[in-house]
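File shown: work_37.json (JSON, C-alpha atoms).
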[["chain", "number", "residue", "atom", "x", "y", "z"],
["A", 809, "MET", "CA", 96.86, -163.54, -86.09],
["A", 810, "SER", "CA", 98.10, -159.99, -86.61],
["A", 811, "THR", "CA", 98.81, -157.91, -83.52],
["A", 812, "ASP", "CA", 97.35, -154.80, -85.14],
["A", 813, "LEU", "CA", 94.09, -154.71, -87.08],
["A", 814, "ALA", "CA", 93.88, -150.94, -87.54],
["A", 815, "ALA", "CA", 93.25, -151.45, -91.26],
["A", 816, "GLU", "CA", 91.65, -149.01, -93.68],
["A", 817, "ALA", "CA", 88.18, -150.42, -93.04],
["A", 818, "PHE", "CA", 88.35, -149.18, -89.44],
["A", 819, "GLN", "CA", 89.96, -145.80, -90.03],
["A", 820, "GLY", "CA", 87.81, -142.67, -90.33],
["A", 821, "LEU", "CA", 88.22, -140.43, -87.29],
["A", 822, "GLY", "CA", 90.57, -142.91, -85.65],
["A", 823, "ARG", "CA", 93.31, -142.30, -88.20],
["A", 824, "LEU", "CA", 93.59, -138.74, -86.92],
["A", 825, "CYS", "CA", 94.49, -140.02, -83.48],
["A", 826, "ALA", "CA", 96.14, -143.36, -84.18],
["A", 827, "ASN", "CA", 99.53, -142.27, -82.84],
["A", 828, "ASP", "CA", 98.13, -140.90, -79.62],
["A", 829, "SER", "CA", 99.65, -142.92, -76.75],
["A", 830, "GLY", "CA", 97.39, -141.47, -74.05],
["A", 831, "ASP", "CA", 94.19, -143.02, -72.76],
["A", 832, "ARG", "CA", 91.16, -141.50, -74.42],
["A", 833, "ILE", "CA", 87.72, -142.09, -75.88],
["A", 834, "VAL", "CA", 86.51, -140.50, -79.12],
["A", 835, "GLN", "CA", 82.75, -140.38, -79.69],
["A", 836, "ALA", "CA", 81.13, -140.41, -83.11],
["A", 837, "PRO", "CA", 78.16, -138.17, -83.99],
["A", 838, "GLY", "CA", 75.07, -139.48, -82.28],
["A", 839, "THR", "CA", 72.40, -141.64, -83.87],
["A", 840, "THR", "CA", 69.10, -142.50, -82.20],
["A", 841, "GLY", "CA", 69.51, -145.80, -80.39],
["A", 842, "LEU", "CA", 73.13, -146.27, -81.40],
["A", 843, "GLU", "CA", 76.36, -144.86, -79.92],
["A", 844, "ARG", "CA", 79.82, -145.41, -81.46],
["A", 845, "ILE", "CA", 83.26, -144.88, -79.92],
["A", 846, "GLU", "CA", 86.94, -145.56, -80.40],
["A", 847, "ALA", "CA", 89.07, -145.99, -77.27],
["A", 848, "TRP", "CA", 92.75, -146.26, -76.33],
["A", 849, "PHE", "CA", 93.66, -147.60, -72.88],
["A", 850, "HIS", "CA", 96.55, -148.93, -70.84],
["A", 851, "GLY", "CA", 96.06, -151.24, -67.86],
["A", 852, "PRO", "CA", 92.75, -152.00, -66.14],
["A", 853, "VAL", "CA", 90.15, -149.33, -66.84],
["A", 854, "PHE", "CA", 86.57, -150.31, -66.11],
["A", 855, "ASP", "CA", 85.35, -151.58, -62.74],
["A", 856, "PRO", "CA", 82.53, -154.16, -62.84],
["A", 857, "HIS", "CA", 79.44, -152.53, -64.33],
["A", 858, "ARG", "CA", 76.46, -153.22, -66.57],
["A", 859, "HIS", "CA", 74.52, -151.17, -69.08],
["A", 860, "ASP", "CA", 71.14, -151.46, -70.72],
["A", 861, "THR", "CA", 72.45, -151.71, -74.29],
["A", 862, "TYR", "CA", 74.20, -154.32, -76.36],
["A", 863, "ALA", "CA", 77.94, -153.61, -76.58],
["A", 864, "ILE", "CA", 79.35, -154.88, -79.89],
["A", 865, "GLY", "CA", 82.84, -154.02, -81.07],
["A", 866, "VAL", "CA", 86.19, -155.09, -82.46],
["A", 867, "THR", "CA", 89.65, -155.13, -80.91],
["A", 868, "LEU", "CA", 92.03, -153.27, -83.23],
["A", 869, "SER", "CA", 95.35, -153.67, -81.40],
["A", 870, "GLY", "CA", 96.55, -155.07, -78.10],
["A", 871, "VAL", "CA", 94.54, -157.48, -75.98],
["A", 872, "GLN", "CA", 91.17, -156.60, -74.46],
["A", 873, "SER", "CA", 90.67, -158.53, -71.21],
["A", 874, "PHE", "CA", 87.44, -158.62, -69.27],
["A", 875, "ARG", "CA", 85.45, -160.78, -66.87],
["A", 876, "TYR", "CA", 82.07, -161.80, -68.25],
["A", 877, "ARG", "CA", 79.60, -164.43, -67.07],
["A", 878, "GLY", "CA", 81.99, -165.93, -64.51],
["A", 879, "ALA", "CA", 85.08, -166.21, -66.73],
["A", 880, "VAL", "CA", 87.97, -164.02, -67.86],
["A", 881, "ARG", "CA", 87.91, -163.43, -71.62],
["A", 882, "HIS", "CA", 90.71, -162.15, -73.86],
["A", 883, "SER", "CA", 89.87, -160.51, -77.19],
["A", 884, "LEU", "CA", 92.73, -160.39, -79.70],
["A", 885, "PRO", "CA", 93.00, -158.07, -82.73],
["A", 886, "GLY", "CA", 90.29, -158.91, -85.22],
["A", 887, "GLN", "CA", 88.05, -160.62, -82.70],
["A", 888, "LEU", "CA", 84.61, -159.24, -81.92],
["A", 889, "ILE", "CA", 83.14, -158.59, -78.49],
["A", 890, "VAL", "CA", 79.39, -159.09, -78.06],
["A", 891, "LEU", "CA", 78.00, -158.26, -74.61],
["A", 892, "HIS", "CA", 74.33, -158.64, -73.74],
["A", 893, "PRO", "CA", 72.40, -155.89, -71.93],
["A", 894, "ASP", "CA", 72.43, -156.07, -68.12],
["A", 895, "GLU", "CA", 75.36, -158.52, -67.96],
["A", 896, "VAL", "CA", 78.06, -157.46, -65.46],
["A", 897, "HIS", "CA", 81.56, -157.07, -66.91],
["A", 898, "ASP", "CA", 84.78, -155.12, -66.38],
["A", 899, "GLY", "CA", 87.55, -154.41, -68.86],
["A", 900, "GLY", "CA", 90.97, -153.10, -69.75],
["A", 901, "ALA", "CA", 94.23, -153.77, -71.56],
["A", 902, "GLY", "CA", 95.53, -157.29, -71.05],
["A", 903, "THR", "CA", 99.17, -156.43, -71.80],
["A", 904, "GLU", "CA", 101.49, -153.54, -71.12],
["A", 905, "ASN", "CA", 101.31, -152.56, -74.81],
["A", 906, "GLY", "CA", 97.88, -151.03, -74.32],
["A", 907, "LEU", "CA", 94.61, -151.52, -76.14],
["A", 908, "ARG", "CA", 92.73, -149.93, -79.00],
["A", 909, "TYR", "CA", 89.19, -150.87, -79.97],
["A", 910, "ARG", "CA", 85.96, -149.62, -81.51],
["A", 911, "MET", "CA", 82.57, -150.30, -80.02],
["A", 912, "LEU", "CA", 78.94, -149.56, -80.69],
["A", 913, "TYR", "CA", 76.23, -149.53, -78.04],
["A", 914, "LEU", "CA", 72.86, -150.56, -79.42],
["A", 915, "GLU", "CA", 69.56, -150.08, -77.64],
["A", 916, "PRO", "CA", 67.75, -153.43, -77.45],
["A", 917, "ALA", "CA", 64.56, -151.84, -78.80],
["A", 918, "LEU", "CA", 66.32, -151.11, -82.09],
["A", 919, "LEU", "CA", 67.36, -154.73, -82.51],
["A", 920, "ALA", "CA", 63.96, -155.96, -81.35],
["A", 921, "GLY", "CA", 62.36, -154.09, -84.24],
["A", 922, "ALA", "CA", 64.34, -156.25, -86.67],
["A", 923, "MET", "CA", 63.48, -159.52, -84.90],
["A", 924, "GLY", "CA", 59.88, -159.73, -86.10],
["A", 925, "GLY", "CA", 58.57, -160.46, -82.61],
["A", 926, "ALA", "CA", 61.19, -163.12, -81.78],
["A", 927, "PRO", "CA", 63.13, -162.88, -78.49],
["A", 928, "LEU", "CA", 66.36, -160.93, -78.46],
["A", 929, "PRO", "CA", 69.41, -163.05, -79.34],
["A", 930, "PHE", "CA", 71.91, -163.95, -76.61],
["A", 931, "VAL", "CA", 75.55, -164.68, -77.57],
["A", 932, "PRO", "CA", 76.94, -166.45, -74.49],
["A", 933, "GLU", "CA", 80.69, -166.56, -75.21],
["A", 934, "GLY", "CA", 81.23, -162.79, -75.34],
["A", 935, "ILE", "CA", 83.92, -163.18, -78.02],
["A", 936, "VAL", "CA", 83.20, -164.01, -81.67],
["A", 937, "ASN", "CA", 85.47, -164.96, -84.59],
["A", 938, "ASP", "CA", 83.61, -164.18, -87.80],
["A", 939, "ALA", "CA", 85.13, -162.32, -90.76],
["A", 940, "GLY", "CA", 81.71, -161.59, -92.29],
["A", 941, "PHE", "CA", 80.38, -160.21, -89.04],
["A", 942, "ARG", "CA", 83.52, -158.06, -88.68],
["A", 943, "ALA", "CA", 83.16, -156.68, -92.21],
["A", 944, "MET", "CA", 79.51, -155.84, -91.57],
["A", 945, "LEU", "CA", 80.45, -154.11, -88.31],
["A", 946, "ALA", "CA", 83.12, -152.11, -90.14],
["A", 947, "SER", "CA", 80.40, -150.51, -92.24],
["A", 948, "ALA", "CA", 79.16, -148.72, -89.10],
["A", 949, "LEU", "CA", 82.49, -148.30, -87.30],
["A", 950, "GLY", "CA", 84.72, -147.49, -90.26],
["A", 951, "GLU", "CA", 83.98, -143.75, -90.53],
["A", 952, "LEU", "CA", 83.42, -142.38, -87.05],
["A", 953, "ASP", "CA", 83.49, -138.79, -88.20],
["A", 954, "GLN", "CA", 80.30, -139.31, -90.25],
["A", 955, "ARG", "CA", 76.75, -139.33, -88.91],
["A", 956, "LEU", "CA", 74.95, -142.52, -89.91],
["A", 957, "ASP", "CA", 72.16, -142.16, -92.45],
["A", 958, "GLU", "CA", 68.75, -143.43, -91.35],
["A", 959, "LEU", "CA", 68.44, -145.84, -94.29],
["A", 960, "PHE", "CA", 71.91, -147.16, -93.53],
["A", 961, "VAL", "CA", 70.95, -147.89, -89.92],
["A", 962, "ASP", "CA", 67.88, -149.83, -91.06],
["A", 963, "ASP", "CA", 69.97, -152.13, -93.24],
["A", 964, "PHE", "CA", 72.76, -152.41, -90.67],
["A", 965, "VAL", "CA", 70.39, -153.49, -87.90],
["A", 966, "ALA", "CA", 68.66, -155.99, -90.21],
["A", 967, "GLU", "CA", 72.03, -157.57, -91.07],
["A", 968, "LEU", "CA", 73.19, -157.41, -87.46],
["A", 969, "ALA", "CA", 70.12, -159.37, -86.37],
["A", 970, "GLY", "CA", 71.10, -162.17, -88.74],
["A", 971, "PHE", "CA", 74.65, -162.42, -87.40],
["A", 972, "MET", "CA", 73.46, -162.25, -83.80],
["A", 973, "LEU", "CA", 70.98, -165.07, -84.37],
["A", 974, "ARG", "CA", 73.70, -167.20, -85.97],
["A", 975, "HIS", "CA", 76.02, -166.83, -83.00],
["A", 976, "ALA", "CA", 73.15, -167.35, -80.58],
["A", 977, "SER", "CA", 72.63, -170.72, -82.34],
["A", 978, "ARG", "CA", 69.16, -169.76, -83.43],
["A", 979, "PRO", "CA", 67.98, -170.14, -87.04],
["A", 980, "ALA", "CA", 66.93, -166.95, -88.77],
["A", 981, "LYS", "CA", 63.32, -166.78, -89.90],
["A", 982, "PRO", "CA", 63.13, -167.66, -93.62],
["A", 983, "LEU", "CA", 62.55, -164.65, -95.81],
["A", 984, "GLY", "CA", 59.92, -166.43, -97.90],
["A", 985, "LYS", "CA", 58.90, -165.25, -101.35],
["A", 986, "THR", "CA", 60.59, -162.02, -102.40],
["A", 987, "ALA", "CA", 58.22, -159.05, -102.17],
["A", 988, "TRP", "CA", 58.98, -157.84, -105.70],
["A", 989, "ARG", "CA", 56.23, -155.24, -105.84],
["A", 990, "ALA", "CA", 57.38, -153.58, -102.61],
["A", 991, "ALA", "CA", 61.04, -153.76, -103.67],
["A", 992, "ASN", "CA", 60.29, -152.17, -107.04],
["A", 993, "LEU", "CA", 58.19, -149.43, -105.44],
["A", 994, "ALA", "CA", 61.06, -148.60, -103.11],
["A", 995, "ARG", "CA", 63.59, -148.70, -105.96],
["A", 996, "ASP", "CA", 61.54, -146.32, -108.11],
["A", 997, "TYR", "CA", 61.01, -143.92, -105.22],
["A", 998, "LEU", "CA", 64.71, -143.87, -104.33],
["A", 999, "LYS", "CA", 65.65, -143.28, -107.96],
["A", 1000, "ASP", "CA", 63.18, -140.41, -108.31],
["A", 1001, "ASN", "CA", 64.27, -138.79, -105.03],
["A", 1002, "ALA", "CA", 67.95, -139.63, -105.01],
["A", 1003, "LEU", "CA", 69.11, -136.09, -104.27],
["A", 1004, "ASP", "CA", 66.69, -135.60, -101.38],
["A", 1005, "LEU", "CA", 66.74, -136.79, -97.79],
["A", 1006, "VAL", "CA", 64.67, -139.99, -97.88],
["A", 1007, "ARG", "CA", 63.21, -141.14, -94.57],
["A", 1008, "SER", "CA", 62.52, -144.73, -93.60],
["A", 1009, "ALA", "CA", 58.90, -143.85, -92.84],
["A", 1010, "GLU", "CA", 58.43, -142.73, -96.44],
["A", 1011, "LEU", "CA", 59.51, -146.12, -97.77],
["A", 1012, "GLU", "CA", 57.36, -147.92, -95.23],
["A", 1013, "ALA", "CA", 54.32, -145.92, -96.31],
["A", 1014, "ILE", "CA", 55.00, -146.55, -100.01],
["A", 1015, "THR", "CA", 55.74, -150.27, -99.77],
["A", 1016, "GLY", "CA", 53.62, -151.43, -96.84],
["A", 1017, "LEU", "CA", 56.64, -153.24, -95.32],
["A", 1018, "ASP", "CA", 58.44, -152.29, -92.14],
["A", 1019, "ARG", "CA", 61.94, -150.93, -92.67],
["A", 1020, "TYR", "CA", 63.76, -154.13, -91.70],
["A", 1021, "ALA", "CA", 61.63, -156.42, -93.84],
["A", 1022, "LEU", "CA", 62.03, -153.99, -96.73],
["A", 1023, "SER", "CA", 65.80, -154.04, -96.31],
["A", 1024, "ARG", "CA", 65.83, -157.86, -96.55],
["A", 1025, "HIS", "CA", 63.46, -158.04, -99.52],
["A", 1026, "PHE", "CA", 65.24, -155.21, -101.35],
["A", 1027, "ARG", "CA", 68.57, -156.99, -100.92],
["A", 1028, "ALA", "CA", 67.04, -160.28, -102.10],
["A", 1029, "ALA", "CA", 65.65, -158.54, -105.19],
["A", 1030, "PHE", "CA", 68.58, -156.31, -106.16],
["A", 1031, "SER", "CA", 71.63, -157.63, -104.23],
["A", 1032, "THR", "CA", 72.11, -154.32, -102.47],
["A", 1033, "SER", "CA", 70.46, -152.29, -99.73],
["A", 1034, "PRO", "CA", 68.12, -149.31, -100.16],
["A", 1035, "HIS", "CA", 70.81, -147.09, -98.67],
["A", 1036, "ARG", "CA", 73.52, -148.32, -101.04],
["A", 1037, "PHE", "CA", 71.19, -148.01, -104.03],
["A", 1038, "LEU", "CA", 70.52, -144.39, -103.07],
["A", 1039, "VAL", "CA", 74.24, -143.63, -102.66],
["A", 1040, "MET", "CA", 75.00, -145.06, -106.10],
["A", 1041, "ARG", "CA", 72.32, -142.89, -107.73],
["A", 1042, "ARG", "CA", 73.93, -139.86, -106.11],
["A", 1043, "LEU", "CA", 77.34, -140.94, -107.38],
["A", 1044, "GLU", "CA", 75.90, -141.30, -110.88],
["A", 1045, "GLN", "CA", 74.69, -137.70, -110.63],
["A", 1046, "ALA", "CA", 78.13, -136.63, -109.45],
["A", 1047, "LYS", "CA", 79.75, -138.29, -112.48],
["A", 1048, "ARG", "CA", 77.31, -136.55, -114.82],
["A", 1049, "MET", "CA", 78.20, -133.21, -113.22],
["A", 1050, "MET", "CA", 81.92, -133.94, -113.62],
["A", 1051, "SER", "CA", 81.42, -134.71, -117.31],
["A", 1052, "LEU", "CA", 79.83, -131.27, -117.69],
["A", 1053, "GLY", "CA", 82.82, -129.60, -116.04],
["A", 1054, "THR", "CA", 81.13, -128.72, -112.72],
["A", 1055, "PRO", "CA", 83.81, -127.81, -110.13],
["A", 1056, "LEU", "CA", 84.35, -130.59, -107.60],
["A", 1057, "ALA", "CA", 83.75, -128.17, -104.74],
["A", 1058, "GLU", "CA", 80.13, -127.77, -105.89],
["A", 1059, "ILE", "CA", 79.36, -131.39, -106.58],
["A", 1060, "ALA", "CA", 79.19, -132.87, -103.07],
["A", 1061, "ALA", "CA", 76.24, -130.82, -101.86],
["A", 1062, "ASP", "CA", 74.48, -130.73, -105.24],
["A", 1063, "ALA", "CA", 74.66, -134.53, -105.49],
["A", 1064, "GLY", "CA", 73.21, -135.07, -102.02],
["A", 1065, "PHE", "CA", 76.32, -135.74, -99.92],
["A", 1066, "SER", "CA", 76.79, -134.31, -96.43],
["A", 1067, "ASP", "CA", 80.23, -132.82, -97.17],
["A", 1068, "GLN", "CA", 83.25, -133.09, -99.45],
["A", 1069, "SER", "CA", 85.07, -135.74, -97.43],
["A", 1070, "HIS", "CA", 81.97, -137.94, -97.35],
["A", 1071, "PHE", "CA", 81.62, -137.61, -101.13],
["A", 1072, "ASN", "CA", 85.31, -138.40, -101.66],
["A", 1073, "ARG", "CA", 85.19, -141.56, -99.56],
["A", 1074, "GLN", "CA", 81.97, -142.86, -101.11],
["A", 1075, "PHE", "CA", 83.26, -142.21, -104.63],
["A", 1076, "LYS", "CA", 86.54, -144.01, -104.02],
["A", 1077, "LYS", "CA", 84.75, -146.90, -102.31],
["A", 1078, "ALA", "CA", 82.50, -147.32, -105.36],
["A", 1079, "PHE", "CA", 84.96, -146.71, -108.21],
["A", 1080, "GLY", "CA", 88.48, -147.16, -106.81],
["A", 1081, "LEU", "CA", 89.55, -143.62, -107.73],
["A", 1082, "THR", "CA", 89.19, -140.25, -106.06],
["A", 1083, "PRO", "CA", 86.76, -137.79, -107.67],
["A", 1084, "GLY", "CA", 89.70, -135.58, -108.61],
["A", 1085, "ARG", "CA", 91.48, -138.39, -110.42],
["A", 1086, "TRP", "CA", 88.28, -139.45, -112.20],
["A", 1087, "SER", "CA", 87.58, -135.89, -113.28],
["A", 1088, "ALA", "CA", 91.09, -135.47, -114.64],
["A", 1089, "LEU", "CA", 90.88, -138.73, -116.59],
["A", 1090, "ILE", "CA", 87.60, -137.96, -118.31],
["A", 1091, "ARG", "CA", 88.98, -134.56, -119.33],
["A", 1092, "GLY", "CA", 92.14, -136.19, -120.69],
["A", 1093, "GLU", "CA", 94.48, -134.38, -118.33],
["A", 1094, "GLY", "CA", 97.78, -136.21, -118.35],
["A", 1095, "PRO", "CA", 98.72, -139.69, -119.57],
["A", 1096, "VAL", "CA", 96.89, -142.75, -118.33],
["A", 1097, "GLU", "CA", 99.20, -145.59, -117.31],
["A", 1098, "ILE", "CA", 97.94, -149.05, -118.25],
["A", 1099, "LEU", "CA", 99.46, -151.82, -116.14],
["A", 1100, "THR", "CA", 100.05, -155.18, -117.82],
["A", 1101, "ALA", "CA", 101.21, -158.49, -116.48],
["A", 1102, "ALA", "CA", 104.94, -159.07, -116.62]]
Any chance you could give the structure as structure tokens?
Amino acid sequence: MSTDLAAEAFQGLGRLCANDSGDRIVQAPGTTGLERIEAWFHGPVFDPHRHDTYAIGVTLSGVQSFRYRGAVRHSLPGQLIVLHPDEVHDGGAGTENGLRYRMLYLEPALLAGAMGGAPLPFVPEGIVNDAGFRAMLASALGELDQRLDELFVDDFVAELAGFMLRHASRPAKPLGKTAWRAANLARDYLKDNALDLVRSAELEAITGLDRYALSRHFRAAFSTSPHRFLVMRRLEQAKRMMSLGTPLAEIAADAGFSDQSHFNRQFKKAFGLTPGRWSALIRGEGPVEILTAA
């Protein structure tokens, strides 16, 4: 396994500080019920303690060593840490090379809302190896300089509940028949209001489903989340504006993005090119290189 997992998926704010050799914690913009950090440490750091949130994160480089439920655990790069609320643990760097990790702290009430009345999941080992779980976690921990959108959090928590149940060895409740009417109502509303701030409560009122059930049914119907569907409609608007020659500096806000950097990252994530490169290509500025197999 690699000794350094500080890959692009987990960059964001962290890339600004990746070469910092001092101990520090960087906090992301706050979201109700969810706190995100990136930390760099050398040696033992945390005395035994417990908190009233889930602590779920990924070790990026070094070894994260901690005592949890009567045993010493060692998390290597790429491994996930899942700590249950009110469980005593300590923590620090397990080698002299130091430690870098990202973590989110989730209020149990937020996860409980996605459980449909079932008990909260308990992952006993404390360390999880699961590439899918890690990729899902990267969606929340990959851009620490951005505030998380409310619709994104709904979908994230719904997916998180599924992974937590799997590693708690509990079967997820079957989705049942896809709620097509509710999914289509949500889709139409998102399309009609793509440039506005859409709240979860609005979709709940329109569809009659709670936000977590809607996220699951929407994904079953359209293979994407309400949040991602909304982002793609905004990117479509941005592309239309580019084709009309609108300056890039004006597009981010007019297309519903929080700022230019957020727009740039979402555009490249969706299309594989920066907005500037896309704009230049559709205006025919400069030759386009076509790569062929040797």
Inset, instruction - Take the point (82.3, -134.1, -94.0) in the file's coordinates, draw a sphere of radius 12 Å around it, and report as a ChimeraX atom specification every protein, DNA or RNA residue with an atom inside or on it, counting all atoms listed in the file. - result: /A:820-821,837,951-956,1060-1061,1065-1074
Inset, instruction - Identify which of the residues A:Leu973, A:Leu1043, A:Gly830, A:Leu983 lies closest to Ala926 in chain A, counting only C-alpha atoms when measuring atom-to-atom distances. - result: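 Of all the options, A:Leu973 lies closest to Ala926 in chain A.
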Inset, instruction - Considering all atoms listed in the file, state which residue in the set A:His1035, A:Arg989, A:His859, A:Lys981 is at the smallest distance from Val1006 in chain A. - result: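 Closest candidate: A:His1035.
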Legend entry - Minimum-distance residue to Ala1078 in chain A, chosen among A:Phe971, A:Phe1037, A:Tyr997, A:Phe874 (using only C-alpha atoms):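 Comparing A:Phe971, A:Phe1037, A:Tyr997, A:Phe874 against Ala1078 in chain A, the winner is A:Phe1037.
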Legend entry - Selected residue, from A:Phe960, A:Ala980, A:Asp855, A:Arg1085, that lies nearest to Pro1034 in chain A when counting all atoms listed in the file: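 Closest to Pro1034 in chain A, using all atoms listed in the file: A:Phe960.
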Got a sec: who's within 10 Å of Ala991 in chain A, counting only C-alpha atoms, leaving out chain neighbours fewer than 5 positions off, as a PDB file with C-alpha atoms, in the coordinates of the input?
ATOM      1  CA  THR A 986      60.590-162.020-102.400  1.00  0.00           C
ATOM      2  CA  ASP A 996      61.540-146.320-108.110  1.00  0.00           C
ATOM      3  CA  TYR A 997      61.010-143.920-105.220  1.00  0.00           C
ATOM      4  CA  LEU A1011      59.510-146.120 -97.770  1.00  0.00           C
ATOM      5  CA  THR A1015      55.740-150.270 -99.770  1.00  0.00           C
ATOM      6  CA  LEU A1017      56.640-153.240 -95.320  1.00  0.00           C
ATOM      7  CA  LEU A1022      62.030-153.990 -96.730  1.00  0.00           C
ATOM      8  CA  SER A1023      65.800-154.040 -96.310  1.00  0.00           C
ATOM      9  CA  ARG A1024      65.830-157.860 -96.550  1.00  0.00           C
ATOM     10  CA  HIS A1025      63.460-158.040 -99.520  1.00  0.00           C
ATOM     11  CA  PHE A1026      65.240-155.210-101.350  1.00  0.00           C
ATOM     12  CA  ARG A1027      68.570-156.990-100.920  1.00  0.00           C
ATOM     13  CA  ALA A1028      67.040-160.280-102.100  1.00  0.00           C
ATOM     14  CA  ALA A1029      65.650-158.540-105.190  1.00  0.00           C
ATOM     15  CA  PHE A1030      68.580-156.310-106.160  1.00  0.00           C
ATOM     16  CA  PRO A1034      68.120-149.310-100.160  1.00  0.00           C
TER      17      PRO A1034
END
Legend entry - Two-atom distance - CA of Glu843 in chain A, CA of Ala1009 in chain A (Å):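 Taking CA of Glu843 in chain A as the start and CA of Ala1009 in chain A as the end point, the length is 21.7 Å.
Contact shell of Gly924 in chain A at 12 Å (all atoms listed in the file; same-chain neighbours under 3 positions omitted): Ala917, Leu918, Leu919, Ala920, Gly921, Pro927, Leu928, Ala966, Ala969, Gly970, Ala980, Lys981, Pro982, Leu983, Leu1017, Asp1018, Arg1019, Tyr1020 and Ala1021 of chain A.
Across the model, the gap from CA of Leu959 in chain A to CA of Arg974 in chain A is 23.5 Å.
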Legend entry - Surrounding residues of range 898-912 of chain A excluding itself and chain neighbours under 6 positions, 6 Å, all atoms listed in the file, as number ranges by chain: A: 843-856, 863-875
Atoms to include: C-alpha atoms. Write the selected residues as a JSON list (two decimals), keeping the file's coordinate frame.
[["chain", "number", "residue", "atom", "x", "y", "z"],
["A", 843, "GLU", "CA", 76.36, -144.86, -79.92],
["A", 844, "ARG", "CA", 79.82, -145.41, -81.46],
["A", 845, "ILE", "CA", 83.26, -144.88, -79.92],
["A", 846, "GLU", "CA", 86.94, -145.56, -80.40],
["A", 847, "ALA", "CA", 89.07, -145.99, -77.27],
["A", 848, "TRP", "CA", 92.75, -146.26, -76.33],
["A", 849, "PHE", "CA", 93.66, -147.60, -72.88],
["A", 850, "HIS", "CA", 96.55, -148.93, -70.84],
["A", 851, "GLY", "CA", 96.06, -151.24, -67.86],
["A", 852, "PRO", "CA", 92.75, -152.00, -66.14],
["A", 853, "VAL", "CA", 90.15, -149.33, -66.84],
["A", 854, "PHE", "CA", 86.57, -150.31, -66.11],
["A", 855, "ASP", "CA", 85.35, -151.58, -62.74],
["A", 856, "PRO", "CA", 82.53, -154.16, -62.84],
["A", 863, "ALA", "CA", 77.94, -153.61, -76.58],
["A", 864, "ILE", "CA", 79.35, -154.88, -79.89],
["A", 865, "GLY", "CA", 82.84, -154.02, -81.07],
["A", 866, "VAL", "CA", 86.19, -155.09, -82.46],
["A", 867, "THR", "CA", 89.65, -155.13, -80.91],
["A", 868, "LEU", "CA", 92.03, -153.27, -83.23],
["A", 869, "SER", "CA", 95.35, -153.67, -81.40],
["A", 870, "GLY", "CA", 96.55, -155.07, -78.10],
["A", 871, "VAL", "CA", 94.54, -157.48, -75.98],
["A", 872, "GLN", "CA", 91.17, -156.60, -74.46],
["A", 873, "SER", "CA", 90.67, -158.53, -71.21],
["A", 874, "PHE", "CA", 87.44, -158.62, -69.27],
["A", 875, "ARG", "CA", 85.45, -160.78, -66.87]]
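Interatomic distance, CA of Leu968 in chain A to CA of Leu945 in chain A: 8.0 Å.
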Inset, instruction - Please identify all polymer residues within 9 Å of Asn937 in chain A, counting only C-alpha atoms, omitting same-chain residues fewer than 2 positions from it, and present them as a list in words. - result: Gly886, Gln887, Leu888, Ile935, Ala939, Phe941 and Arg942 of chain A
Legend entry - Residue contacts of Val931 in chain A (9 Å, only C-alpha atoms) excluding same-chain residues fewer than 4 positions away, as a list of chain:residue names: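 The neighbour list is A:Val890, A:Leu891, A:His892, A:Ile935, A:Val936, A:Met972, A:Leu973, A:Arg974, A:His975, A:Ala976, A:Ser977.
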Would you save the residues of that selection, restricted to C-alpha atoms, as a short mmCIF file (atom, residue, chain, number, x, y, z; two decimals), in the coordinates of the input?
data_model
loop_
_atom_site.label_atom_id
_atom_site.label_comp_id
_atom_site.auth_asym_id
_atom_site.auth_seq_id
_atom_site.Cartn_x
_atom_site.Cartn_y
_atom_site.Cartn_z
CA VAL A 890 79.39 -159.09 -78.06
CA LEU A 891 78.00 -158.26 -74.61
CA HIS A 892 74.33 -158.64 -73.74
CA ILE A 935 83.92 -163.18 -78.02
CA VAL A 936 83.20 -164.01 -81.67
CA MET A 972 73.46 -162.25 -83.80
CA LEU A 973 70.98 -165.07 -84.37
CA ARG A 974 73.70 -167.20 -85.97
CA HIS A 975 76.02 -166.83 -83.00
CA ALA A 976 73.15 -167.35 -80.58
CA SER A 977 72.63 -170.72 -82.34
#
Inset, instruction - Using all atoms listed in the file, pick whichever of A:Thr839, A:Leu1003, A:Ser1031, A:Ser1087 has the shortest atom-to-atom distance to Gly1053 in chain A. - result: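 Smallest separation from Gly1053 in chain A among the options: A:Ser1087.
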Coordinate excerpt as an mmCIF file, in the first residue's frame: range 897-916 of chain A, C-alpha atoms:
data_model
loop_
_atom_site.group_PDB
_atom_site.id
_atom_site.type_symbol
_atom_site.label_atom_id
_atom_site.label_comp_id
_atom_site.auth_asym_id
_atom_site.auth_seq_id
_atom_site.Cartn_x
_atom_site.Cartn_y
_atom_site.Cartn_z
ATOM 1 C CA HIS A 897 -9.889 6.813 22.348
ATOM 2 C CA ASP A 898 -6.551 8.610 22.097
ATOM 3 C CA GLY A 899 -4.429 9.238 19.019
ATOM 4 C CA GLY A 900 -1.264 10.406 17.337
ATOM 5 C CA ALA A 901 1.426 9.634 14.787
ATOM 6 C CA GLY A 902 2.639 6.045 14.948
ATOM 7 C CA THR A 903 6.025 6.759 13.339
ATOM 8 C CA GLU A 904 8.573 9.536 13.452
ATOM 9 C CA ASN A 905 7.555 10.588 9.925
ATOM 10 C CA GLY A 906 4.416 12.251 11.239
ATOM 11 C CA LEU A 907 0.790 11.940 10.266
ATOM 12 C CA ARG A 908 -1.657 13.660 7.954
ATOM 13 C CA TYR A 909 -5.365 12.884 7.873
ATOM 14 C CA ARG A 910 -8.808 14.309 7.166
ATOM 15 C CA MET A 911 -11.769 13.745 9.427
ATOM 16 C CA LEU A 912 -15.412 14.657 9.664
ATOM 17 C CA TYR A 913 -17.390 14.761 12.891
ATOM 18 C CA LEU A 914 -21.043 13.908 12.363
ATOM 19 C CA GLU A 915 -23.785 14.502 14.894
ATOM 20 C CA PRO A 916 -25.656 11.226 15.495
#
